[in-house]
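**Student:** This is model21.cif, which holds mmCIF, C-alpha atoms:
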```cif
data_protein
#
loop_
_atom_site.label_atom_id
_atom_site.label_comp_id
_atom_site.auth_asym_id
_atom_site.auth_seq_id
_atom_site.Cartn_x
_atom_site.Cartn_y
_atom_site.Cartn_z
CA MET A 12 73.64 20.05 -14.62
CA LEU A 13 71.32 21.40 -11.92
CA MET A 14 69.95 23.99 -14.32
CA ARG A 15 69.21 21.28 -16.89
CA VAL A 16 67.33 19.19 -14.32
CA ARG A 17 65.25 22.19 -13.27
CA ARG A 18 64.49 23.00 -16.91
CA ASN A 19 63.41 19.43 -17.57
CA LEU A 20 61.19 19.45 -14.48
CA CYS A 21 59.55 22.67 -15.61
CA VAL A 22 58.86 21.19 -19.02
CA LEU A 23 57.42 18.06 -17.37
CA PHE A 24 55.11 20.07 -15.09
CA ALA A 25 53.97 22.16 -18.04
CA LEU A 26 53.11 19.06 -20.04
CA CYS A 27 51.20 17.60 -17.07
CA GLY A 28 49.27 20.83 -16.73
CA LEU A 29 48.35 20.81 -20.38
CA ILE A 30 47.19 17.21 -20.16
CA LEU A 31 45.13 17.86 -17.03
CA PHE A 32 43.50 21.04 -18.26
CA GLY A 33 43.03 19.57 -21.69
CA GLY A 34 41.27 16.58 -20.13
CA CYS A 35 38.99 18.86 -18.13
CA GLU A 36 38.05 20.80 -21.23
CA THR A 37 37.17 17.64 -23.14
CA THR A 38 34.85 16.36 -20.35
CA ARG A 39 33.19 19.67 -19.56
CA LEU A 40 29.65 19.86 -20.93
CA SER A 41 28.31 22.86 -22.73
CA GLU A 42 25.21 24.61 -21.44
CA ALA A 43 23.18 23.08 -24.24
CA GLU A 44 24.44 19.59 -23.36
CA LYS A 45 23.65 20.15 -19.68
CA ALA A 46 20.11 21.24 -20.57
CA ALA A 47 19.65 18.21 -22.83
CA ARG A 48 20.80 15.82 -20.11
CA LYS A 49 18.52 17.49 -17.59
CA GLN A 50 15.58 17.03 -19.94
CA GLU A 51 16.48 13.37 -20.45
CA GLU A 52 16.64 12.84 -16.69
CA LEU A 53 13.30 14.60 -16.19
CA ALA A 54 11.74 12.46 -18.91
CA LEU A 55 12.97 9.32 -17.10
CA LYS A 56 11.49 10.58 -13.84
CA LYS A 57 8.17 11.30 -15.53
CA ARG A 58 8.02 7.79 -16.97
CA TYR A 59 8.87 6.28 -13.58
CA LEU A 60 6.19 8.39 -11.90
CA GLU A 61 3.69 7.26 -14.53
CA ARG A 62 4.54 3.63 -13.70
CA ILE A 63 3.90 4.27 -10.01
CA GLN A 64 0.65 6.09 -10.66
CA SER A 65 -0.54 3.40 -13.07
CA VAL A 66 -0.10 0.77 -10.33
CA GLU A 67 -1.83 3.09 -7.87
CA GLU A 68 -4.84 3.41 -10.12
CA SER A 69 -5.04 -0.36 -10.68
CA CYS A 70 -4.93 -0.96 -6.92
CA TYR A 71 -7.54 1.69 -6.23
CA GLU A 72 -9.80 0.17 -8.91
CA ALA A 73 -9.54 -3.23 -7.22
CA LEU A 74 -10.11 -1.83 -3.72
CA HIS A 75 -13.02 0.30 -4.94
CA GLY A 76 -14.81 -2.85 -6.09
CA ILE A 77 -14.01 -4.94 -3.00
CA GLY A 78 -14.54 -2.28 -0.31
CA PRO A 79 -18.35 -2.54 -0.06
CA SER A 80 -18.05 -6.31 0.54
CA VAL A 81 -15.97 -5.88 3.71
CA VAL A 82 -17.75 -2.87 5.16
CA ASP A 83 -19.51 -5.02 7.79
CA PHE A 84 -16.47 -7.06 8.80
CA ASN A 85 -15.46 -4.45 11.39
CA GLU A 86 -17.85 -1.61 12.13
CA SER A 87 -15.12 0.60 13.62
CA GLU A 88 -13.25 0.68 10.28
CA SER A 89 -16.22 1.59 8.08
CA GLY A 90 -17.06 5.17 7.27
CA GLY A 91 -17.92 7.66 4.58
CA TYR A 92 -16.37 7.26 1.15
CA SER A 93 -16.62 9.84 -1.62
CA GLY A 94 -15.04 7.93 -4.50
CA ALA A 95 -12.26 10.52 -4.76
CA ILE A 96 -8.64 9.71 -4.00
CA PHE A 97 -6.64 12.49 -2.36
CA ALA A 98 -2.86 12.71 -2.18
CA ALA A 99 0.08 15.05 -1.57
CA GLU A 100 3.58 15.21 -3.04
CA ASN A 101 5.16 13.27 -0.15
CA PHE A 102 3.28 10.17 -1.28
CA TYR A 103 6.01 9.76 -3.88
CA PRO A 104 9.80 9.21 -3.71
CA PHE A 105 11.73 12.39 -3.03
CA ASP A 106 13.92 11.99 -6.12
CA LEU A 107 10.78 12.25 -8.28
CA ARG A 108 9.69 15.52 -6.70
CA GLU A 109 10.30 17.63 -9.82
CA ALA A 110 8.15 15.33 -11.95
CA VAL A 111 5.49 15.21 -9.22
CA VAL A 112 5.26 19.00 -9.07
CA MET A 113 5.07 19.22 -12.86
CA SER A 114 2.13 16.80 -12.76
CA GLY A 115 0.19 19.36 -10.71
CA MET A 116 0.78 18.06 -7.21
CA GLY A 117 2.53 19.89 -4.38
CA ASN A 118 2.68 20.34 -0.62
CA PHE A 119 -1.11 20.44 -0.43
CA VAL A 120 -3.97 17.95 -0.54
CA SER A 121 -5.35 17.52 -4.04
CA VAL A 122 -7.60 15.15 -5.95
CA ARG A 123 -5.50 12.41 -7.52
CA TYR A 124 -8.24 10.13 -8.89
CA ILE A 125 -12.04 10.07 -9.17
CA PHE A 126 -14.22 7.04 -9.86
CA GLU A 127 -16.83 7.60 -12.54
CA GLY A 128 -20.33 7.72 -11.12
CA SER A 129 -19.10 8.12 -7.53
CA PRO A 130 -20.51 10.78 -5.15
CA ALA A 131 -17.43 12.93 -5.77
CA ASP A 132 -17.90 12.66 -9.53
CA GLU A 133 -21.59 13.53 -9.34
CA ALA A 134 -20.82 16.49 -7.05
CA GLY A 135 -18.49 18.00 -9.66
CA LEU A 136 -15.11 17.38 -8.03
CA LEU A 137 -12.31 17.40 -10.62
CA LEU A 138 -8.80 16.03 -10.87
CA GLY A 139 -6.27 18.51 -9.50
CA ASP A 140 -8.73 20.31 -7.21
CA GLN A 141 -6.95 21.42 -4.04
CA LEU A 142 -8.89 20.62 -0.90
CA ILE A 143 -9.14 23.73 1.30
CA ARG A 144 -11.86 22.74 3.79
CA ILE A 145 -14.01 19.73 4.57
CA ASN A 146 -17.03 20.16 6.84
CA GLY A 147 -15.54 23.35 8.27
CA ARG A 148 -12.15 21.74 8.99
CA LYS A 149 -9.23 23.60 7.43
CA VAL A 150 -6.93 21.32 5.46
CA PRO A 151 -3.22 21.78 6.25
CA ARG A 152 -0.39 22.30 3.79
CA GLY A 153 3.26 21.28 3.90
CA GLU A 154 4.36 18.02 5.49
CA ALA A 155 1.15 17.97 7.55
CA ALA A 156 -0.82 17.49 4.33
CA THR A 157 0.42 13.90 4.00
CA THR A 158 -0.48 13.05 7.60
CA PHE A 159 -3.89 14.62 7.12
CA VAL A 160 -4.66 12.36 4.15
CA THR A 161 -3.39 9.13 5.70
CA GLU A 162 -4.68 9.57 9.25
CA LYS A 163 -7.51 12.09 9.43
CA LEU A 164 -9.35 12.66 6.17
CA ARG A 165 -11.32 9.42 5.99
CA LYS A 166 -12.66 10.00 9.51
CA LEU A 167 -14.11 13.39 8.53
CA TRP A 168 -16.58 12.13 5.93
CA LEU A 169 -20.17 12.19 7.19
CA LEU A 170 -22.85 9.64 6.34
CA GLU A 171 -26.55 10.36 5.71
CA GLU A 172 -25.90 14.11 5.45
CA PRO A 173 -24.05 16.33 2.98
CA ASN A 174 -20.32 16.88 3.24
CA TYR A 175 -19.37 20.49 2.55
CA LEU A 176 -16.13 20.93 0.67
CA VAL A 177 -14.23 24.00 -0.42
CA VAL A 178 -11.69 23.42 -3.18
CA GLU A 179 -9.37 25.70 -5.09
CA ARG A 180 -9.54 25.37 -8.86
CA ASN A 181 -7.60 27.68 -11.19
CA GLY A 182 -7.10 30.17 -8.37
CA GLU A 183 -10.81 30.28 -7.47
CA GLU A 184 -12.46 28.79 -4.38
CA ILE A 185 -15.47 26.61 -5.15
CA ALA A 186 -17.99 25.14 -2.66
CA LEU A 187 -19.31 21.62 -3.27
CA GLU A 188 -21.68 19.19 -1.52
CA VAL A 189 -20.78 15.50 -1.54
CA GLU A 190 -23.04 12.68 -0.32
CA ALA A 191 -20.64 9.99 0.93
CA GLU A 192 -21.29 6.25 0.73
CA ARG A 193 -20.58 3.72 3.47
CA SER A 194 -17.44 1.73 2.72
CA VAL A 195 -13.86 1.19 3.85
CA SER A 196 -10.95 2.92 2.18
CA TYR A 197 -7.21 3.30 2.68
CA ASN A 198 -4.46 5.08 0.84
CA VAL A 199 -2.24 3.16 -1.54
CA VAL A 200 1.50 3.78 -1.46
CA VAL A 201 3.64 2.27 -4.23
CA THR A 202 7.30 1.90 -3.32
CA PRO A 203 10.26 1.20 -5.63
CA PHE A 204 11.69 -1.13 -2.97
CA HIS A 205 11.23 -4.84 -3.57
CA ASN A 206 9.38 -6.61 -0.76
CA ASP A 207 7.40 -9.80 -0.27
CA VAL A 208 4.77 -10.93 -2.75
CA ALA A 209 1.97 -9.62 -0.54
CA PRO A 210 1.54 -5.87 0.04
CA TYR A 211 2.21 -4.48 3.49
CA ALA A 212 -0.78 -3.25 5.50
CA THR A 213 0.18 -0.53 7.98
CA GLY A 214 -3.25 0.02 9.51
CA ARG A 215 -3.65 3.33 7.67
CA SER A 216 -2.26 2.57 4.22
CA LEU A 217 -1.53 -0.32 1.89
CA VAL A 218 2.04 -0.43 0.61
CA PHE A 219 2.75 -2.19 -2.69
CA SER A 220 6.06 -2.99 -4.36
CA LEU A 221 6.15 -1.48 -7.85
CA GLU A 222 7.79 -4.45 -9.58
CA ASN A 223 5.67 -7.02 -7.77
CA ALA A 224 2.42 -5.25 -8.58
CA GLU A 225 3.39 -4.71 -12.22
CA SER A 226 3.99 -8.44 -12.63
CA LEU A 227 0.45 -9.41 -11.58
CA GLU A 228 -2.48 -10.22 -13.80
CA GLU A 229 -5.71 -8.34 -13.09
CA GLU A 230 -7.25 -11.19 -11.09
CA GLU A 231 -4.04 -11.73 -9.11
CA LEU A 232 -4.00 -8.05 -8.21
CA ASP A 233 -7.57 -8.45 -6.94
CA TYR A 234 -6.34 -11.31 -4.75
CA VAL A 235 -3.49 -9.40 -3.09
CA CYS A 236 -5.56 -6.22 -2.72
CA ALA A 237 -8.29 -8.13 -0.90
CA PHE A 238 -5.68 -9.90 1.24
CA ALA A 239 -4.15 -6.56 2.30
CA LEU A 240 -7.49 -4.79 2.68
CA VAL A 241 -8.87 -7.22 5.25
CA GLN A 242 -5.63 -6.97 7.27
CA ASN A 243 -6.32 -3.28 7.77
CA VAL A 244 -10.04 -3.84 8.36
CA MET A 245 -9.31 -6.45 11.04
CA LYS A 246 -6.54 -4.27 12.55
CA HIS A 247 -3.81 -6.88 12.27
CA ALA A 248 -1.05 -4.27 12.26
CA ARG A 249 -2.34 -2.78 15.52
CA MET A 250 -2.61 -6.18 17.21
CA LYS A 251 0.88 -7.15 16.09
CA GLY A 252 2.18 -3.88 17.52
CA GLN A 253 0.41 -4.50 20.82
CA ASN A 254 1.89 -7.99 21.04
CA GLU A 255 5.37 -6.66 20.33
CA PHE A 256 4.94 -3.87 22.89
CA ILE A 257 3.94 -6.38 25.59
CA GLY A 258 6.95 -8.50 24.63
CA GLY A 259 9.19 -5.45 24.91
CA VAL A 260 7.89 -4.75 28.42
CA LEU A 261 8.73 -8.33 29.42
CA ASP A 262 12.22 -7.98 27.90
CA MET A 263 12.74 -4.79 29.92
CA ALA A 264 11.48 -6.43 33.12
CA ALA A 265 13.83 -9.37 32.60
CA ALA A 266 16.78 -7.05 31.99
CA MET A 267 16.03 -5.08 35.17
CA SER A 268 16.03 -8.38 37.04
CA GLY A 269 19.49 -9.13 35.73
CA VAL A 270 18.35 -11.69 33.17
CA GLY A 271 19.54 -11.05 29.61
CA VAL A 272 17.00 -12.51 27.18
CA GLY A 273 18.23 -10.78 24.02
CA GLY A 274 14.81 -9.45 22.99
CA VAL A 275 13.25 -12.90 22.87
CA PHE A 276 9.90 -11.74 24.27
CA SER A 277 9.68 -8.94 21.67
CA SER A 278 10.33 -11.51 18.99
CA ILE A 279 7.66 -13.83 20.38
CA GLY A 280 5.21 -10.95 20.58
CA ARG A 281 6.00 -9.84 17.04
CA ASN A 282 5.30 -13.34 15.70
CA ALA A 283 2.43 -14.20 18.04
CA HIS A 284 -0.63 -15.45 16.13
CA LYS A 285 1.17 -14.75 12.83
CA ALA A 286 -0.16 -17.94 11.23
CA GLY A 287 -3.66 -17.14 12.47
CA PHE A 288 -3.49 -13.60 11.06
CA LEU A 289 -2.44 -14.91 7.64
CA ILE A 290 -5.21 -17.50 7.52
CA GLU A 291 -7.79 -14.99 8.71
CA SER A 292 -6.62 -12.63 5.94
CA ASP A 293 -7.00 -15.41 3.38
CA LEU A 294 -10.44 -16.58 4.43
CA LEU A 295 -11.92 -13.08 4.75
CA ALA A 296 -10.30 -12.06 1.44
CA LEU A 297 -11.93 -15.06 -0.24
CA TYR A 298 -15.35 -14.08 1.10
CA ALA A 299 -14.85 -10.46 0.05
CA LEU A 300 -13.75 -11.49 -3.44
CA ALA A 301 -16.60 -13.94 -3.88
CA ALA A 302 -19.17 -11.40 -2.67
CA SER A 303 -17.71 -8.90 -5.16
CA GLY A 304 -18.28 -11.29 -8.05
CA ILE A 305 -14.61 -12.19 -8.56
CA ASP A 306 -13.62 -15.76 -9.43
CA ILE A 307 -11.78 -17.22 -6.43
CA SER A 308 -10.87 -20.61 -7.88
CA GLY A 309 -7.34 -19.45 -8.74
CA TYR A 310 -6.61 -17.97 -5.30
CA PRO A 311 -4.86 -21.08 -3.87
CA ASP A 312 -2.89 -21.60 -7.10
CA TYR A 313 -1.57 -18.05 -6.98
CA TRP A 314 -0.43 -18.39 -3.39
CA ALA A 315 0.94 -21.89 -3.94
CA GLU A 316 3.29 -20.51 -6.58
CA ALA A 317 4.24 -17.59 -4.36
CA LEU A 318 4.86 -19.66 -1.21
CA ALA A 319 6.67 -22.67 -2.68
CA ASP A 320 10.42 -23.01 -2.22
CA ARG A 321 12.81 -23.73 -5.09
CA ASN A 322 11.89 -27.41 -5.04
CA GLY A 323 8.16 -26.72 -5.07
CA ASN A 324 7.71 -27.65 -1.40
CA PHE A 325 5.97 -25.77 1.40
CA ASP A 326 6.77 -25.25 5.05
CA ARG A 327 4.13 -26.23 7.58
CA ALA A 328 2.61 -22.74 7.95
CA SER A 329 2.28 -22.30 4.18
CA GLN A 330 0.69 -25.73 3.77
CA GLU A 331 -1.83 -24.88 6.49
CA ARG A 332 -2.68 -21.66 4.68
CA LEU A 333 -3.26 -23.49 1.40
CA ASP A 334 -5.41 -26.15 3.10
CA ALA A 335 -7.48 -23.44 4.77
CA MET A 336 -7.96 -21.59 1.46
CA ARG A 337 -9.33 -24.69 -0.23
CA GLN A 338 -11.59 -25.41 2.73
CA VAL A 339 -13.05 -21.91 2.68
CA ILE A 340 -13.60 -22.03 -1.09
CA ALA A 341 -15.53 -25.28 -0.60
CA GLU A 342 -17.64 -23.60 2.11
CA ILE A 343 -18.40 -20.64 -0.14
CA GLU A 344 -19.42 -22.88 -3.02
CA GLN A 345 -21.70 -24.86 -0.69
CA LYS A 346 -23.33 -21.61 0.42
CA ARG A 347 -23.94 -20.72 -3.22
CA LEU A 348 -25.62 -24.08 -3.80
CA ASN A 349 -27.76 -23.61 -0.69
CA GLY A 350 -28.74 -20.08 -1.71
CA GLU A 351 -27.12 -18.60 1.40
CA PRO A 352 -25.50 -15.15 1.58
CA ILE A 353 -21.78 -15.14 0.86
CA TYR A 354 -20.77 -13.74 4.22
CA PRO A 355 -18.24 -15.08 6.79
CA THR A 356 -20.68 -15.19 9.69
CA GLU A 357 -18.94 -18.10 11.40
CA TYR A 358 -15.61 -16.24 11.41
CA LEU A 359 -16.90 -12.89 12.65
CA SER A 360 -19.37 -13.97 15.33
CA GLY A 361 -16.72 -14.78 17.92
CA GLU A 362 -13.18 -15.93 18.58
CA TRP A 363 -11.95 -18.55 16.14
CA THR A 364 -8.61 -20.29 16.10
CA LEU A 365 -6.36 -22.06 13.65
CA LYS A 366 -7.51 -25.27 15.35
CA ASP A 367 -11.08 -24.53 14.20
CA VAL A 368 -10.00 -24.36 10.57
CA ARG A 369 -7.99 -27.58 10.92
CA GLY A 370 -11.08 -29.24 12.38
CA ARG A 371 -13.16 -28.15 9.42
CA ILE A 372 -10.56 -29.55 7.03
CA ALA A 373 -10.45 -32.85 8.96
CA ASP A 374 -14.27 -33.08 8.93
CA GLN A 375 -14.37 -32.44 5.19
CA ASP A 376 -11.70 -35.11 4.55
CA ALA A 377 -13.61 -37.62 6.69
CA SER A 378 -16.90 -36.97 4.92
CA GLY A 379 -15.24 -36.90 1.48
#
```
What's the structure tokens form of this structure?
**Tutor:**
Amino acid sequence: MLMRVRRNLCVLFALCGLILFGGCETTRLSEAEKAARKQEELALKKRYLERIQSVEESCYEALHGIGPSVVDFNESESGGYSGAIFAAENFYPFDLREAVVMSGMGNFVSVRYIFEGSPADEAGLLLGDQLIRINGRKVPRGEAATTFVTEKLRKLWLLEEPNYLVVERNGEEIALEVEAERSVSYNVVVTPFHNDVAPYATGRSLVFSLENAESLEEEELDYVCAFALVQNVMKHARMKGQNEFIGGVLDMAAAMSGVGVGGVFSSIGRNAHKAGFLIESDLLALYALAASGIDISGYPDYWAEALADRNGNFDRASQERLDAMRQVIAEIEQKRLNGEPIYPTEYLSGEWTLKDVRGRIADQDASG
């Protein structure tokens, strides 16, 4: 009896082994199948990278046209601009690295885009050129290449004198002279992560959501690009950070005194003047767009759709923004009729507050 049980168990284990190994053999891919799947995956990555770069180019086109209109909004943010866009591989998601490298980019600074007729174009700079030196400054490679582009490169361009570049092209070093124009420029980063309707201005770059940007019409993209651009020009990100830092110091002081405030001062600092920042971004964006020859009549309608809740209603801050937009558009149109320059003199000549805009709206309603 015992022998029969053992024999049956052996037969059972053998059958299980055959099933298991047989299953493994049926799911194991051949080398040809593995190669085919790898090519399919690479093709998907290439298409995704092309989507990102297409949005990048659209954003850069919009910013290229609007930049000269905001150059005088904040003198400290203006500088030399060549009309060439530089990038490094770390500008793109890590999982697309293989496709990025195959497109000619790597852990170095290279030319990603050139505007036709720009100083860089006239100087002979070409797509894919690797930047080796600019005005005697050696350009780093590796992870430092990304930091160099986002934080240092735009400060190295000289105005009213030639900029001396050395680039590597097909293994050969080539010297070029570029006459930069005065403008403002920031790097565009397109992220696959979904965020708010408006792009995020970091102070050094402008971050766009891929899906959000792809859903915009050309004029709507102009609107959000101008909105983000003036946030960087007016240093909103830096001021928000300073407010939050001060709030953090107060939180720490309260904690050391034995009072637990749960980060309330940091929160207050983070949100301090938030409504004012948004309205300032809107009104300066409208002036920049109008001065660039872009129709601004649809600006409030775009934001109304973006800011409305499910029932089509607005919270108080959103309604104030929309009221301010319409007021500023009326001011701009009046300036056109009067033959005045389309420039936000009244908003840049000193401190203005949200109360000032409300007063303008009230005055217009009373006179209307």
**Student:** Can you work out which one of A:Glu291, A:Glu230, A:Glu172, A:Asp334 has the shortest atom-to-atom distance to Met245 of chain A, counting only C-alpha atoms?
**Tutor:**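 Nearest to Met245 of chain A: A:Glu291.
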**Student:** How many Å lie between atom CA of Leu240 of chain A and atom CA of Ala134 of chain A, rounded to one decimal?
**Tutor:**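 Separation between atom CA of Leu240 of chain A and atom CA of Ala134 of chain A: 26.9 Å.
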**Student:** Please tell me which residues are no farther than 10 Å from (-9.9, 1.2, 6.6) in the file, counting all atoms listed in the file, and write them as a PyMOL selection string.
**Tutor:** chain A and resi 78+81-82+85+87-90+165-166+194-198+214-217+240-246
**Student:** If the PyMOL selection byres ((chain A and resi 102-114) around 10) is run on the structure shown, which residues does it catch, given as a compact mmCIF listing (two decimals) with C-alpha atoms, in the frame of the given file?
**Tutor:**
```
# COMPACT_ATOMS: atom_id res chain seq x y z
CA LEU A 53 13.30 14.60 -16.19
CA ALA A 54 11.74 12.46 -18.91
CA LEU A 55 12.97 9.32 -17.10
CA LYS A 56 11.49 10.58 -13.84
CA LYS A 57 8.17 11.30 -15.53
CA ARG A 58 8.02 7.79 -16.97
CA TYR A 59 8.87 6.28 -13.58
CA LEU A 60 6.19 8.39 -11.90
CA GLU A 61 3.69 7.26 -14.53
CA ILE A 63 3.90 4.27 -10.01
CA GLN A 64 0.65 6.09 -10.66
CA ALA A 98 -2.86 12.71 -2.18
CA ALA A 99 0.08 15.05 -1.57
CA GLU A 100 3.58 15.21 -3.04
CA ASN A 101 5.16 13.27 -0.15
CA GLY A 115 0.19 19.36 -10.71
CA MET A 116 0.78 18.06 -7.21
CA GLY A 117 2.53 19.89 -4.38
CA ASN A 118 2.68 20.34 -0.62
CA GLY A 139 -6.27 18.51 -9.50
CA THR A 157 0.42 13.90 4.00
CA VAL A 160 -4.66 12.36 4.15
CA THR A 161 -3.39 9.13 5.70
CA ASN A 198 -4.46 5.08 0.84
CA VAL A 199 -2.24 3.16 -1.54
CA VAL A 200 1.50 3.78 -1.46
CA VAL A 201 3.64 2.27 -4.23
CA THR A 202 7.30 1.90 -3.32
CA PRO A 203 10.26 1.20 -5.63
```
**Student:** Kindly give the distance, in Å, that separates atom CA of Ile96 of chain A and atom CA of Gly304 of chain A, rounded to a single decimal.
**Tutor:** 23.5 Å
**Student:** Report, in Å with one decimal, the straight-line distance from atom CA of Asp83 of chain A to atom CA of His247 of chain A.
**Tutor:**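 Answer for the atom CA of Asp83 of chain A to atom CA of His247 of chain A separation: 16.4 Å.
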**Student:** Using only C-alpha atoms, which of the listed residues (A:Leu142, A:Ala239, A:Gly153, A:Leu187) sits closest to Pro210 of chain A?
**Tutor:** A:Ala239
**Student:** Residue by residue, what does the PyMOL selection byres ((chain A and resi 179) around 12) grab here? Present the result as a list in words.
**Tutor:**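 When the PyMOL selection byres ((chain A and resi 179) around 12) is applied, the selected residues are Phe119, Val120, Ser121, Val122, Leu136, Leu137, Leu138, Gly139, Asp140, Gln141, Leu142, Ile143, Arg144, Val150, Leu176, Val177, Val178, Arg180, Asn181, Gly182, Glu183, Glu184, Ile185, Ala186 and Leu187 of chain A.
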**Student:** Run the PyMOL selection byres ((chain A and resi 337) around 12) against the file shown and list the residues it catches, as a PyMOL selection string.
**Tutor:** chain A and resi 290+293-294+297+307-312+314-315+330-336+338-344+368-369+371-372+375-376
**Student:** Quick one: residues within 9 Å of (-12.4, -11.6, 1.4) (file frame), counting all atoms listed in the file, please, as a list in words.
**Tutor:**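 Collected hits near the coordinates: Ile77, Ser80, Val81, Tyr234, Ala237, Phe238, Leu240, Val241, Ser292, Asp293, Leu294, Leu295, Ala296, Leu297, Tyr298, Ala299, Leu300, Ala301, Ala302, Ser303 and Pro355 of chain A.
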**Student:** Write out as a PyMOL selection string which residues come within 12 Å of Gly128 of chain A when counting only C-alpha atoms, dropping same-chain ones fewer than 6 positions away.
**Tutor:** chain A and resi 93-95+134-136+192
